[in-house]
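Undergrad: Have a peek at data-v8.txt (compact mmCIF, C-alpha atoms).
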# COMPACT_ATOMS: atom_id res chain seq x y z
CA GLN J 1 -137.04 140.37 -84.67
CA VAL J 2 -138.63 139.99 -81.24
CA LEU J 3 -140.27 143.41 -81.62
CA PHE J 4 -141.52 142.54 -85.12
CA PHE J 5 -142.85 139.21 -83.82
CA GLY J 6 -144.64 141.00 -80.97
CA PHE J 7 -146.22 143.49 -83.37
CA GLY J 8 -147.41 140.65 -85.61
CA TRP J 9 -148.83 138.86 -82.55
CA LEU J 10 -150.72 141.99 -81.41
CA PHE J 11 -152.01 142.65 -84.93
CA PHE J 12 -153.31 139.08 -85.05
CA MET J 13 -155.03 139.38 -81.65
CA ARG J 14 -156.34 142.96 -81.84
CA LYS J 15 -157.26 143.21 -85.53
CA LEU J 16 -157.77 139.88 -87.24
CA PHE J 17 -159.09 137.64 -84.45
CA LYS J 18 -160.68 140.15 -82.10
CA ASP J 19 -164.18 138.76 -82.87
CA TYR J 20 -163.25 135.07 -82.56
CA GLU J 21 -162.89 133.10 -79.33
CA VAL J 22 -161.26 129.98 -80.81
CA ARG J 23 -157.66 130.56 -81.87
CA GLN J 24 -155.10 128.08 -83.12
CA TYR J 25 -151.74 129.05 -81.62
CA VAL J 26 -149.82 127.41 -84.45
CA VAL J 27 -151.59 129.77 -86.90
CA GLN J 28 -150.81 132.74 -84.70
CA VAL J 29 -147.13 131.76 -84.42
CA ILE J 30 -146.77 131.17 -88.18
CA PHE J 31 -148.38 134.53 -89.00
CA SER J 32 -146.19 136.40 -86.48
CA VAL J 33 -142.97 134.65 -87.57
CA THR J 34 -143.73 135.40 -91.24
CA PHE J 35 -144.34 139.04 -90.40
CA ALA J 36 -141.17 139.24 -88.27
CA PHE J 37 -138.84 137.79 -90.92
CA SER J 38 -140.50 139.82 -93.68
CA CYS J 39 -139.90 143.06 -91.77
CA THR J 40 -136.34 141.95 -90.94
CA MET J 41 -135.58 141.77 -94.68
CA PHE J 42 -136.67 145.39 -95.01
CA GLU J 43 -134.57 146.29 -91.96
CA LEU J 44 -131.55 144.68 -93.63
CA ILE J 45 -132.14 146.80 -96.75
CA ILE J 46 -131.92 149.91 -94.56
CA PHE J 47 -128.78 148.47 -92.93
CA GLU J 48 -127.23 148.00 -96.39
CA ILE J 49 -127.72 151.69 -97.20
CA LEU J 50 -126.55 152.96 -93.78
CA GLY J 51 -123.71 150.44 -93.46
CA VAL J 52 -124.93 149.12 -90.09
CA LEU J 53 -123.23 145.86 -88.93
CA ASN J 54 -120.27 144.18 -90.55
CA SER J 55 -120.80 143.02 -94.15
CA SER J 56 -120.24 139.35 -93.22
CA SER J 57 -122.84 139.70 -90.44
CA ARG J 58 -125.36 141.24 -92.85
CA TYR J 59 -124.70 138.44 -95.34
CA PHE J 60 -125.33 135.83 -92.63
CA HIS J 61 -128.61 137.44 -91.57
CA TRP J 62 -129.74 137.78 -95.21
CA LYS J 63 -129.07 134.10 -95.75
CA LEU J 64 -130.82 133.10 -92.52
CA ASN J 65 -133.87 135.27 -93.24
CA LEU J 66 -134.30 133.99 -96.77
CA CYS J 67 -133.93 130.34 -95.68
CA VAL J 68 -136.52 130.75 -92.90
CA ILE J 69 -139.02 132.72 -95.00
CA LEU J 70 -138.78 130.23 -97.87
CA LEU J 71 -139.17 127.30 -95.46
CA ILE J 72 -142.35 128.93 -94.13
CA LEU J 73 -143.81 129.91 -97.54
CA VAL J 74 -143.04 126.71 -99.45
CA PHE J 75 -143.28 123.97 -96.82
CA MET J 76 -144.98 125.05 -93.59
CA VAL J 77 -147.86 127.35 -94.58
CA PRO J 78 -149.13 125.25 -97.55
CA PHE J 79 -149.11 122.10 -95.37
CA TYR J 80 -151.11 123.74 -92.57
CA ILE J 81 -153.55 125.26 -95.07
CA GLY J 82 -154.22 121.75 -96.37
CA TYR J 83 -154.47 120.42 -92.81
CA PHE J 84 -157.09 122.96 -91.71
CA VAL J 85 -159.04 122.59 -94.97
CA VAL J 86 -159.22 118.81 -94.40
CA SER J 87 -160.13 119.37 -90.71
CA ASN J 88 -163.27 121.25 -91.81
CA ILE J 89 -164.47 118.20 -93.82
CA ARG J 90 -166.04 115.61 -91.52
CA LEU J 91 -165.61 112.68 -93.92
CA LEU J 92 -161.82 113.14 -93.92
CA HIS J 93 -161.28 113.57 -90.16
CA ARG J 94 -159.76 110.14 -89.55
CA GLN J 95 -157.16 110.47 -92.30
CA LYS J 96 -156.70 114.25 -92.19
CA LEU J 97 -152.90 114.04 -91.89
CA LEU J 98 -152.69 111.85 -94.99
CA PHE J 99 -154.99 114.09 -97.03
CA ALA J 100 -153.09 117.18 -95.84
CA CYS J 101 -149.88 115.62 -97.19
CA VAL J 102 -151.64 114.89 -100.50
CA LEU J 103 -152.76 118.53 -100.79
CA TRP J 104 -149.25 119.75 -99.97
CA LEU J 105 -147.71 117.48 -102.63
CA THR J 106 -150.27 118.80 -105.13
CA PHE J 107 -149.26 122.36 -104.25
CA MET J 108 -145.58 121.48 -104.64
CA TYR J 109 -146.19 119.99 -108.08
CA PHE J 110 -147.94 123.11 -109.42
CA PHE J 111 -145.49 125.39 -107.59
CA TRP J 112 -142.56 123.64 -109.29
CA LYS J 113 -144.21 123.57 -112.74
CA LEU J 114 -144.72 127.33 -112.38
CA GLY J 115 -141.06 127.89 -113.21
CA ASP J 116 -141.21 126.13 -116.59
CA PRO J 117 -142.75 128.89 -118.77
CA PHE J 118 -140.68 131.73 -117.24
CA PRO J 119 -137.01 132.55 -117.98
CA ILE J 120 -136.15 132.94 -114.30
CA LEU J 121 -133.13 130.67 -113.74
CA SER J 122 -129.91 129.47 -115.23
CA PRO J 123 -129.91 125.65 -115.57
CA LYS J 124 -126.98 125.04 -113.21
CA HIS J 125 -128.93 125.58 -109.96
CA GLY J 126 -129.80 122.56 -107.84
CA ILE J 127 -133.34 121.47 -107.00
CA LEU J 128 -133.21 122.61 -103.37
CA SER J 129 -131.21 125.80 -103.94
CA ILE J 130 -132.44 129.16 -102.70
CA GLU J 131 -132.55 130.38 -106.30
CA GLN J 132 -135.02 127.64 -107.33
CA LEU J 133 -137.45 128.54 -104.54
CA ILE J 134 -137.13 132.32 -104.51
CA SER J 135 -137.47 132.54 -108.30
CA ARG J 136 -140.90 130.91 -108.17
CA VAL J 137 -141.98 132.83 -105.08
CA GLY J 138 -140.86 135.98 -106.90
CA VAL J 139 -143.09 135.32 -109.91
CA ILE J 140 -146.18 134.94 -107.71
CA GLY J 141 -145.27 137.88 -105.47
CA VAL J 142 -144.38 140.26 -108.29
CA THR J 143 -147.65 139.38 -110.04
CA LEU J 144 -149.55 140.16 -106.83
CA MET J 145 -147.63 143.41 -106.29
CA ALA J 146 -148.26 144.54 -109.86
CA LEU J 147 -151.98 143.79 -109.61
CA LEU J 148 -152.31 145.72 -106.33
CA SER J 149 -150.12 148.58 -107.61
CA GLY J 150 -152.06 148.89 -110.86
CA PHE J 151 -155.41 148.99 -109.07
CA GLY J 152 -154.09 151.29 -106.33
CA ALA J 153 -152.59 153.77 -108.81
CA VAL J 154 -156.02 154.15 -110.44
CA ASN J 155 -158.27 153.75 -107.40
CA CYS J 156 -156.34 156.22 -105.21
CA PRO J 157 -157.09 159.35 -107.30
CA TYR J 158 -160.63 158.07 -107.94
CA THR J 159 -161.17 157.80 -104.18
CA TYR J 160 -159.52 161.07 -103.16
CA MET J 161 -160.55 163.49 -105.92
CA SER J 162 -163.81 165.38 -105.45
CA TYR J 163 -164.12 165.56 -109.27
CA PHE J 164 -165.45 162.00 -109.34
CA LEU J 165 -168.06 162.57 -106.62
CA ARG J 166 -171.72 162.54 -107.62
CA ASN J 167 -173.76 165.62 -106.81
CA VAL J 168 -176.02 164.37 -104.01
CA THR J 169 -178.55 166.60 -102.23
CA ASP J 170 -180.68 166.07 -99.14
CA ALA J 171 -183.74 165.92 -101.42
CA ASP J 172 -182.26 162.93 -103.29
CA ILE J 173 -181.64 161.07 -100.04
CA LEU J 174 -185.09 161.94 -98.68
CA ALA J 175 -186.83 160.74 -101.87
CA LEU J 176 -184.95 157.44 -101.81
CA GLU J 177 -185.67 156.89 -98.10
CA ARG J 178 -189.37 157.59 -98.73
CA ARG J 179 -189.31 155.03 -101.56
CA LEU J 180 -187.65 152.52 -99.22
CA LEU J 181 -190.29 153.07 -96.51
CA GLN J 182 -193.09 152.61 -99.06
CA THR J 183 -191.54 149.35 -100.21
CA MET J 184 -191.24 148.11 -96.62
CA ASP J 185 -194.90 148.99 -96.00
CA MET J 186 -195.91 146.98 -99.08
CA ILE J 187 -193.86 144.00 -97.87
CA VAL J 188 -195.50 144.14 -94.43
CA SER J 189 -198.97 144.43 -96.00
CA LYS J 190 -198.47 141.42 -98.28
CA LYS J 191 -196.93 139.32 -95.50
CA LYS J 192 -199.93 140.18 -93.35
CA ARG J 193 -202.24 138.90 -96.11
CA ILE J 194 -200.25 135.66 -96.26
CA ALA J 195 -200.47 135.27 -92.46
CA VAL J 196 -204.24 135.89 -92.49
CA ALA J 197 -204.68 133.32 -95.28
CA HIS J 198 -202.64 130.74 -93.33
CA ARG J 199 -204.73 131.41 -90.21
CA THR J 200 -207.95 130.96 -92.21
CA MET J 201 -206.63 127.68 -93.61
CA PHE J 202 -205.73 126.52 -90.12
CA GLN J 203 -209.19 127.41 -88.78
CA ARG J 204 -210.83 125.47 -91.63
CA GLY J 205 -208.64 122.48 -90.91
CA GLU J 206 -206.97 122.66 -94.32
CA VAL J 207 -203.50 122.62 -92.78
CA HIS J 208 -204.02 119.25 -91.04
CA ASN J 209 -205.78 117.69 -94.03
CA LYS J 210 -203.24 119.03 -96.48
CA PRO J 211 -202.53 116.39 -99.18
CA THR J 212 -198.96 115.21 -99.43
CA GLY J 213 -196.84 114.11 -102.34
CA PHE J 214 -196.34 115.61 -105.77
CA TRP J 215 -200.04 116.16 -106.57
CA GLY J 216 -200.56 117.71 -103.17
CA MET J 217 -197.79 120.19 -103.87
CA ILE J 218 -199.33 121.09 -107.25
CA LYS J 219 -202.72 121.54 -105.63
CA SER J 220 -201.38 123.77 -102.84
CA VAL J 221 -199.68 126.01 -105.40
CA THR J 222 -202.63 126.34 -107.77
CA THR J 223 -205.46 126.52 -105.21
CA SER J 224 -206.82 129.97 -104.39
CA VAL J 225 -207.53 130.56 -100.73
CA ALA J 226 -209.03 133.29 -98.62
CA GLY J 227 -211.02 135.23 -101.14
CA SER J 228 -209.33 133.93 -104.30
CA GLU J 229 -205.85 134.93 -103.14
CA ASN J 230 -203.00 132.93 -104.64
CA LEU J 231 -200.44 132.55 -101.86
CA SER J 232 -197.59 131.52 -104.15
CA LEU J 233 -198.14 134.59 -106.33
CA ILE J 234 -198.19 136.88 -103.30
CA GLN J 235 -195.01 135.23 -101.99
CA GLN J 236 -193.30 135.89 -105.34
CA GLU J 237 -194.32 139.54 -105.07
CA VAL J 238 -192.89 139.65 -101.53
CA ASP J 239 -189.59 138.17 -102.71
CA ALA J 240 -189.36 140.72 -105.53
CA LEU J 241 -190.15 143.59 -103.13
CA GLU J 242 -187.55 142.34 -100.61
CA GLU J 243 -184.91 142.28 -103.34
CA LEU J 244 -185.94 145.82 -104.33
CA SER J 245 -185.75 146.93 -100.67
CA ARG J 246 -182.20 145.55 -100.42
CA GLN J 247 -181.16 147.52 -103.51
CA LEU J 248 -182.84 150.66 -102.17
CA PHE J 249 -181.15 150.26 -98.80
CA LEU J 250 -177.70 149.85 -100.40
CA GLU J 251 -178.32 152.84 -102.65
CA THR J 252 -179.44 154.91 -99.65
CA ALA J 253 -176.30 153.96 -97.73
CA ASP J 254 -174.22 154.83 -100.80
CA LEU J 255 -175.88 158.27 -101.09
CA HIS J 256 -175.25 158.95 -97.38
CA ALA J 257 -171.58 157.96 -97.81
CA THR J 258 -171.27 160.18 -100.90
CA LYS J 259 -172.90 163.10 -99.04
CA GLU J 260 -170.40 162.66 -96.20
CA ARG J 261 -167.52 162.60 -98.70
CA ILE J 262 -168.81 165.83 -100.27
CA GLU J 263 -168.91 167.49 -96.84
CA TYR J 264 -165.45 166.09 -96.04
CA SER J 265 -164.01 167.38 -99.33
CA LYS J 266 -164.85 170.95 -98.19
CA THR J 267 -162.63 170.65 -95.11
CA PHE J 268 -158.90 171.47 -95.08
CA GLN J 269 -157.98 167.79 -94.87
CA GLY J 270 -160.38 166.98 -97.69
CA LYS J 271 -158.79 169.64 -99.91
CA TYR J 272 -155.36 168.21 -99.08
CA PHE J 273 -156.43 164.71 -100.15
CA ASN J 274 -158.05 166.20 -103.25
CA PHE J 275 -154.67 167.73 -104.15
CA LEU J 276 -153.04 164.31 -103.52
CA GLY J 277 -155.59 162.83 -105.90
CA TYR J 278 -154.41 165.11 -108.73
CA PHE J 279 -150.80 164.26 -107.89
CA PHE J 280 -151.52 160.53 -108.01
CA SER J 281 -153.40 161.00 -111.27
CA ILE J 282 -150.26 162.45 -112.85
CA TYR J 283 -148.20 159.68 -111.27
CA CYS J 284 -150.60 157.04 -112.62
CA VAL J 285 -150.40 158.45 -116.17
CA TRP J 286 -146.60 158.68 -115.96
CA LYS J 287 -146.32 155.13 -114.56
CA ILE J 288 -148.55 153.71 -117.32
CA PHE J 289 -146.53 155.62 -119.94
CA MET J 290 -143.19 154.40 -118.56
CA ALA J 291 -144.46 150.80 -118.25
CA THR J 292 -145.54 150.94 -121.91
CA ILE J 293 -142.14 152.33 -122.98
CA ASN J 294 -140.31 149.65 -120.97
CA ILE J 295 -142.40 146.87 -122.55
CA VAL J 296 -142.20 148.15 -126.13
CA PHE J 297 -138.44 148.82 -126.07
CA ASP J 298 -137.59 145.94 -123.68
CA ARG J 299 -135.91 148.45 -121.39
CA VAL J 300 -134.75 147.99 -117.78
CA GLY J 301 -132.86 150.74 -115.97
CA LYS J 302 -129.27 150.02 -114.95
CA THR J 303 -129.00 152.95 -112.55
CA ASP J 304 -131.30 153.53 -109.60
CA PRO J 305 -133.88 156.33 -110.12
CA VAL J 306 -132.48 158.55 -107.34
CA THR J 307 -128.89 158.60 -108.61
CA ARG J 308 -130.06 159.00 -112.20
CA GLY J 309 -132.38 161.90 -111.27
CA ILE J 310 -129.66 163.70 -109.31
CA GLU J 311 -127.16 163.26 -112.18
CA ILE J 312 -129.63 164.71 -114.71
CA THR J 313 -130.42 167.68 -112.43
CA VAL J 314 -126.75 168.41 -111.68
CA ASN J 315 -125.74 168.23 -115.35
CA TYR J 316 -128.67 170.46 -116.36
CA LEU J 317 -127.97 173.12 -113.71
CA GLY J 318 -124.17 172.84 -114.04
CA ILE J 319 -123.45 172.94 -110.29
CA GLN J 320 -120.92 171.17 -108.04
CA PHE J 321 -122.70 168.41 -106.13
CA ASP J 322 -121.63 165.24 -104.31
CA VAL J 323 -123.94 162.81 -106.11
CA LYS J 324 -122.72 159.69 -104.25
CA PHE J 325 -123.18 161.25 -100.78
CA TRP J 326 -126.67 162.64 -101.39
CA SER J 327 -127.90 159.63 -103.36
CA GLN J 328 -127.23 157.50 -100.27
CA HIS J 329 -129.33 159.71 -98.00
CA ILE J 330 -132.13 160.26 -100.51
CA SER J 331 -132.20 156.52 -101.30
CA PHE J 332 -132.49 155.82 -97.58
CA ILE J 333 -135.49 158.16 -97.28
CA LEU J 334 -137.11 156.87 -100.48
CA VAL J 335 -136.66 153.20 -99.59
CA GLY J 336 -137.90 153.90 -96.05
CA ILE J 337 -141.07 155.51 -97.42
CA ILE J 338 -141.60 152.58 -99.81
CA ILE J 339 -141.15 150.07 -96.97
CA VAL J 340 -143.48 151.83 -94.51
CA THR J 341 -146.23 152.42 -97.08
CA SER J 342 -145.92 148.84 -98.38
CA ILE J 343 -146.30 147.32 -94.91
CA ARG J 344 -149.12 149.68 -93.90
CA GLY J 345 -151.01 149.30 -97.18
CA LEU J 346 -150.73 145.53 -97.19
CA LEU J 347 -151.90 145.16 -93.58
CA ILE J 348 -154.92 147.41 -94.23
CA THR J 349 -155.79 145.41 -97.35
CA LEU J 350 -155.39 142.08 -95.53
CA THR J 351 -157.62 143.26 -92.68
CA LYS J 352 -160.42 144.34 -95.05
CA PHE J 353 -160.12 141.09 -97.01
CA PHE J 354 -160.22 139.01 -93.81
CA TYR J 355 -163.34 140.76 -92.48
CA ALA J 356 -165.08 140.36 -95.84
CA ILE J 357 -164.77 136.57 -96.23
CA SER J 358 -163.85 135.05 -92.88
CA SER J 359 -166.04 132.87 -90.66
CA SER J 360 -165.43 130.86 -87.50
CA LYS J 361 -164.58 127.73 -89.54
CA SER J 362 -162.57 129.31 -92.33
CA SER J 363 -160.70 131.97 -90.30
CA ASN J 364 -157.57 129.86 -89.67
CA VAL J 365 -157.24 128.94 -93.35
CA ILE J 366 -157.73 132.57 -94.42
CA VAL J 367 -155.10 133.84 -91.95
CA LEU J 368 -152.60 131.29 -93.31
CA LEU J 369 -153.44 132.39 -96.86
CA LEU J 370 -152.86 136.00 -95.82
CA ALA J 371 -149.51 135.00 -94.26
CA GLN J 372 -148.59 133.30 -97.56
CA ILE J 373 -149.55 136.37 -99.58
CA MET J 374 -147.74 138.68 -97.14
CA GLY J 375 -144.51 136.66 -97.26
CA MET J 376 -144.48 136.42 -101.06
CA TYR J 377 -145.33 140.12 -101.35
CA PHE J 378 -142.41 141.16 -99.12
CA VAL J 379 -139.90 138.79 -100.77
CA SER J 380 -140.88 140.23 -104.15
CA SER J 381 -140.56 143.75 -102.75
CA VAL J 382 -136.91 143.01 -101.99
CA LEU J 383 -136.39 141.90 -105.62
CA LEU J 384 -137.90 145.14 -106.93
CA ILE J 385 -136.55 147.57 -104.29
CA ARG J 386 -133.05 146.35 -105.20
CA MET J 387 -133.30 148.44 -108.40
CA SER J 388 -134.06 151.59 -106.33
CA MET J 389 -130.74 151.26 -104.48
CA PRO J 390 -127.35 152.57 -105.69
CA LEU J 391 -125.08 149.86 -107.16
CA GLU J 392 -122.69 149.71 -104.20
CA TYR J 393 -125.55 148.79 -101.85
CA ARG J 394 -126.89 145.97 -104.02
CA THR J 395 -123.82 143.73 -103.73
CA ILE J 396 -124.81 141.56 -100.78
CA ILE J 397 -128.49 141.38 -101.84
CA THR J 398 -127.48 140.26 -105.34
CA GLU J 399 -125.02 137.74 -103.90
CA VAL J 400 -127.59 136.26 -101.50
CA LEU J 401 -130.42 136.09 -104.03
CA GLY J 402 -128.13 134.33 -106.50
CA GLU J 403 -128.14 134.42 -110.28
CA LEU J 404 -131.77 135.42 -110.72
CA GLN J 405 -132.98 137.08 -113.91
CA PHE J 406 -133.71 140.41 -112.20
CA ASN J 407 -134.54 142.13 -115.50
CA PHE J 408 -137.32 139.61 -116.12
CA TYR J 409 -139.06 140.50 -112.84
CA HIS J 410 -139.05 144.21 -113.69
CA ARG J 411 -140.45 143.56 -117.18
CA TRP J 412 -143.04 141.16 -115.76
CA PHE J 413 -144.05 143.80 -113.18
CA ASP J 414 -144.52 146.39 -115.96
CA VAL J 415 -146.68 144.02 -118.04
CA ILE J 416 -148.98 143.03 -115.16
CA PHE J 417 -149.09 146.62 -113.83
CA LEU J 418 -150.17 147.93 -117.24
CA LEU J 419 -152.90 145.29 -117.60
CA SER J 420 -154.12 145.88 -114.04
CA ALA J 421 -154.17 149.68 -114.40
CA LEU J 422 -156.01 149.65 -117.75
CA SER J 423 -158.54 147.08 -116.45
CA SER J 424 -159.09 149.19 -113.30
CA ILE J 425 -159.64 152.33 -115.40
CA LEU J 426 -162.24 150.50 -117.48
CA PHE J 427 -163.95 149.00 -114.43
CA LEU J 428 -164.11 152.29 -112.48
CA TYR J 429 -165.29 154.15 -115.61
CA LEU J 430 -168.18 151.71 -116.09
CA ALA J 431 -169.02 151.78 -112.37
CA HIS J 432 -168.98 155.60 -112.31
CA LYS J 433 -171.09 155.78 -115.45
CA GLN J 434 -173.69 153.27 -114.24
CA ALA J 435 -174.09 154.78 -110.78
CA PRO J 436 -176.20 157.80 -111.86
CA GLU J 437 -178.25 155.60 -114.22
CA LYS J 438 -178.93 153.14 -111.39
CA HIS J 439 -179.92 156.00 -109.10
CA MET J 440 -182.35 157.36 -111.71
CA ALA J 441 -183.83 153.88 -112.29
CA LEU J 442 -184.43 153.37 -108.60
Please express the file's structure as structure tokens.
TA:
Amino acid sequence: QVLFFGFGWLFFMRKLFKDYEVRQYVVQVIFSVTFAFSCTMFELIIFEILGVLNSSSRYFHWKLNLCVILLILVFMVPFYIGYFVVSNIRLLHRQKLLFACVLWLTFMYFFWKLGDPFPILSPKHGILSIEQLISRVGVIGVTLMALLSGFGAVNCPYTYMSYFLRNVTDADILALERRLLQTMDMIVSKKKRIAVAHRTMFQRGEVHNKPTGFWGMIKSVTTSVAGSENLSLIQQEVDALEELSRQLFLETADLHATKERIEYSKTFQGKYFNFLGYFFSIYCVWKIFMATINIVFDRVGKTDPVTRGIEITVNYLGIQFDVKFWSQHISFILVGIIIVTSIRGLLITLTKFFYAISSSKSSNVIVLLLAQIMGMYFVSSVLLIRMSMPLEYRTIITEVLGELQFNFYHRWFDVIFLLSALSSILFLYLAHKQAPEKHMAL
């Protein structure tokens, strides 16, 4: 846990807040603690498969981790998000603690009402039980996981496969750059005319004697100056040309990036990722097909995929094989890969998201939001990874998590995954189709 905490601390300092001087240590501690206890849950999953530590010790650590992570996600992080939001509003500075409590109570109300429409609990659980909290956290986290998984399953082959790359030549880039330079020259020319007109007005004394008020504004807009030049009309042309120059610049940068991807796709590493793209395309189609089957037939697997796959292979080939022994080792490898890729993928996504929307005032709030998303994502991963483990390794996890409706979470994941994947396919198809048309228009 100390090592996980240290890694979270370094990630905060070196990645998220490397461009900011002002840091709130409470935010840094909350982020690092959330990361540490999230990773510890994954570590305990590995311990369950390998049989590390005594079972009573593992049960204690599961209970402790879940209590701490739920305390952070439900009570601590939402309160501090409200506190820092209120701190950024000057009118509420004197009563910021009171307003932070009001925001937290509002969050708790909607968080609690979230459980009403979903069949996630049996009615005998108490209000402050682990089951009550983790069931609601699971709904949010599983929804987030399904959305990211659906988009990632579609976007990954689209990004890696050279089939989807536009054919970009040096002549295309040169023509667009020449068009951009011509536009910039026109902007400079028109701004120069505006500056000359303003100087002429100043020399004539029209700037000092400029009429004020509403009629003065109307007169300044409609009056032609400096050889019958309408300054407002020229300024509108400048604004239109500046908008066009921004579009041309973005399109030029996009063509350069596409050209680099084409060159990269010809390298050995590029060909490897292109092959991965085809593999992920097949995986995406299979995942969408299986999600559809699961939804239509209301089906949830009782056996983990590894054990089931080995049993089918052994029965088909008719060979002697210790299914229980090898399912343990293969499950360990599979779960380890899922854990590492989940942590790595989420941290990369969080970093990109933080850079895209953060500022010096909002950075603390955004980091806390990322900590909230990260904690819910990892708790939900435990709920879903449980199905990838052989039955004998699920006992303690099932006992700690309580009488949750595990089948509901898997069905809910399939529904959201299917919607996310189909929406992503439609979005990327439209974006890919419009890109050449936009290039031709420009």
Undergrad: With all atoms listed in the file as the atoms that count, which of J:Ala431, J:Ala257, J:Ile385, J:Ile373 lies nearest to J:Gly141?
TA: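 Ranked by minimum distance to J:Gly141, first place goes to J:Ile373.
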Undergrad: I'd like to know which of J:Leu174, J:Val154, J:Leu383, J:Ala197 is closest to J:Ser420, using only C-alpha atoms.
TA: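 The answer is J:Val154, which sits nearest to J:Ser420.
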Undergrad: Neighbours of J:Ile134 within 9 Å (only C-alpha atoms; same-chain residues fewer than 2 positions away dropped), as a list in words?
TA: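 Final neighbour list, sorted by chain and number: Leu66, Leu70, Ser129, Ile130, Glu131, Gln132, Arg136, Val137, Gly138, Val139, Val379, Ser380, Leu401 and Leu404 of chain J.
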Undergrad: Provide the atom CA of J:Lys259 to atom CA of J:Glu242 distance in Å, to one decimal place.
TA: 25.5 Å
Undergrad: Atom CA of J:Phe12 to atom CA of J:Arg58: how many Å, to one decimal?
TA: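 Atom CA of J:Arg58 lies at a distance of 29.1 Å from atom CA of J:Phe12.
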Undergrad: Using all atoms listed in the file, I'd like a table of the residues in stretch 107-173 of chain J that come within 10 Å of stretch 280-286 of chain J; for each, show the closest atom pair and its distance in Å rounded to one decimal, ordered by chain and ascending number, as CSV.
TA:
residue,atom,partner,partner_atom,distance
J:Ser149,CA,J:Cys284,CA,9.8
J:Gly150,CA,J:Cys284,CA,8.5
J:Gly152,CA,J:Cys284,CA,9.2
J:Ala153,CA,J:Cys284,CA,5.4
J:Val154,CA,J:Cys284,CA,6.5
J:Asn155,CA,J:Ser281,CA,9.6
J:Cys156,CA,J:Phe280,CA,7.0
J:Pro157,CA,J:Ser281,CA,5.7
J:Tyr158,CA,J:Ser281,CA,8.5
J:Tyr160,CA,J:Phe280,CA,9.4
J:Met161,CA,J:Ser281,CA,9.3
Undergrad: Using only C-alpha atoms, determine which residues lie at most 12 Å from stretch 182-191 of chain J, disregarding the query and same-chain residues fewer than 4 positions distant; provide the list as a PyMOL selection string.
TA: chain J and resi 175-178+195-198+229-249+442
Undergrad: Restricted to C-alpha atoms, what would the selected residues look like written as a short mmCIF file (atom, residue, chain, number, x, y, z; two decimals), keeping the file's coordinate frame?
TA:
data_model
loop_
_atom_site.label_atom_id
_atom_site.label_comp_id
_atom_site.auth_asym_id
_atom_site.auth_seq_id
_atom_site.Cartn_x
_atom_site.Cartn_y
_atom_site.Cartn_z
CA ALA J 175 -186.83 160.74 -101.87
CA LEU J 176 -184.95 157.44 -101.81
CA GLU J 177 -185.67 156.89 -98.10
CA ARG J 178 -189.37 157.59 -98.73
CA ALA J 195 -200.47 135.27 -92.46
CA VAL J 196 -204.24 135.89 -92.49
CA ALA J 197 -204.68 133.32 -95.28
CA HIS J 198 -202.64 130.74 -93.33
CA GLU J 229 -205.85 134.93 -103.14
CA ASN J 230 -203.00 132.93 -104.64
CA LEU J 231 -200.44 132.55 -101.86
CA SER J 232 -197.59 131.52 -104.15
CA LEU J 233 -198.14 134.59 -106.33
CA ILE J 234 -198.19 136.88 -103.30
CA GLN J 235 -195.01 135.23 -101.99
CA GLN J 236 -193.30 135.89 -105.34
CA GLU J 237 -194.32 139.54 -105.07
CA VAL J 238 -192.89 139.65 -101.53
CA ASP J 239 -189.59 138.17 -102.71
CA ALA J 240 -189.36 140.72 -105.53
CA LEU J 241 -190.15 143.59 -103.13
CA GLU J 242 -187.55 142.34 -100.61
CA GLU J 243 -184.91 142.28 -103.34
CA LEU J 244 -185.94 145.82 -104.33
CA SER J 245 -185.75 146.93 -100.67
CA ARG J 246 -182.20 145.55 -100.42
CA GLN J 247 -181.16 147.52 -103.51
CA LEU J 248 -182.84 150.66 -102.17
CA PHE J 249 -181.15 150.26 -98.80
CA LEU J 442 -184.43 153.37 -108.60
#
Undergrad: By how many Å are atom CA of J:Trp104 and atom CA of J:Gln28 apart?
TA: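 Rounded to one decimal, the two atoms are 20.1 Å apart.
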Undergrad: For a cutoff of 10 Å around the file-coordinate point (-130.0, 137.5, -109.6), which residues qualify once you count only C-alpha atoms? I'd like the result as a PyMOL selection string.
TA: chain J and resi 120-122+131+135+383+397-407
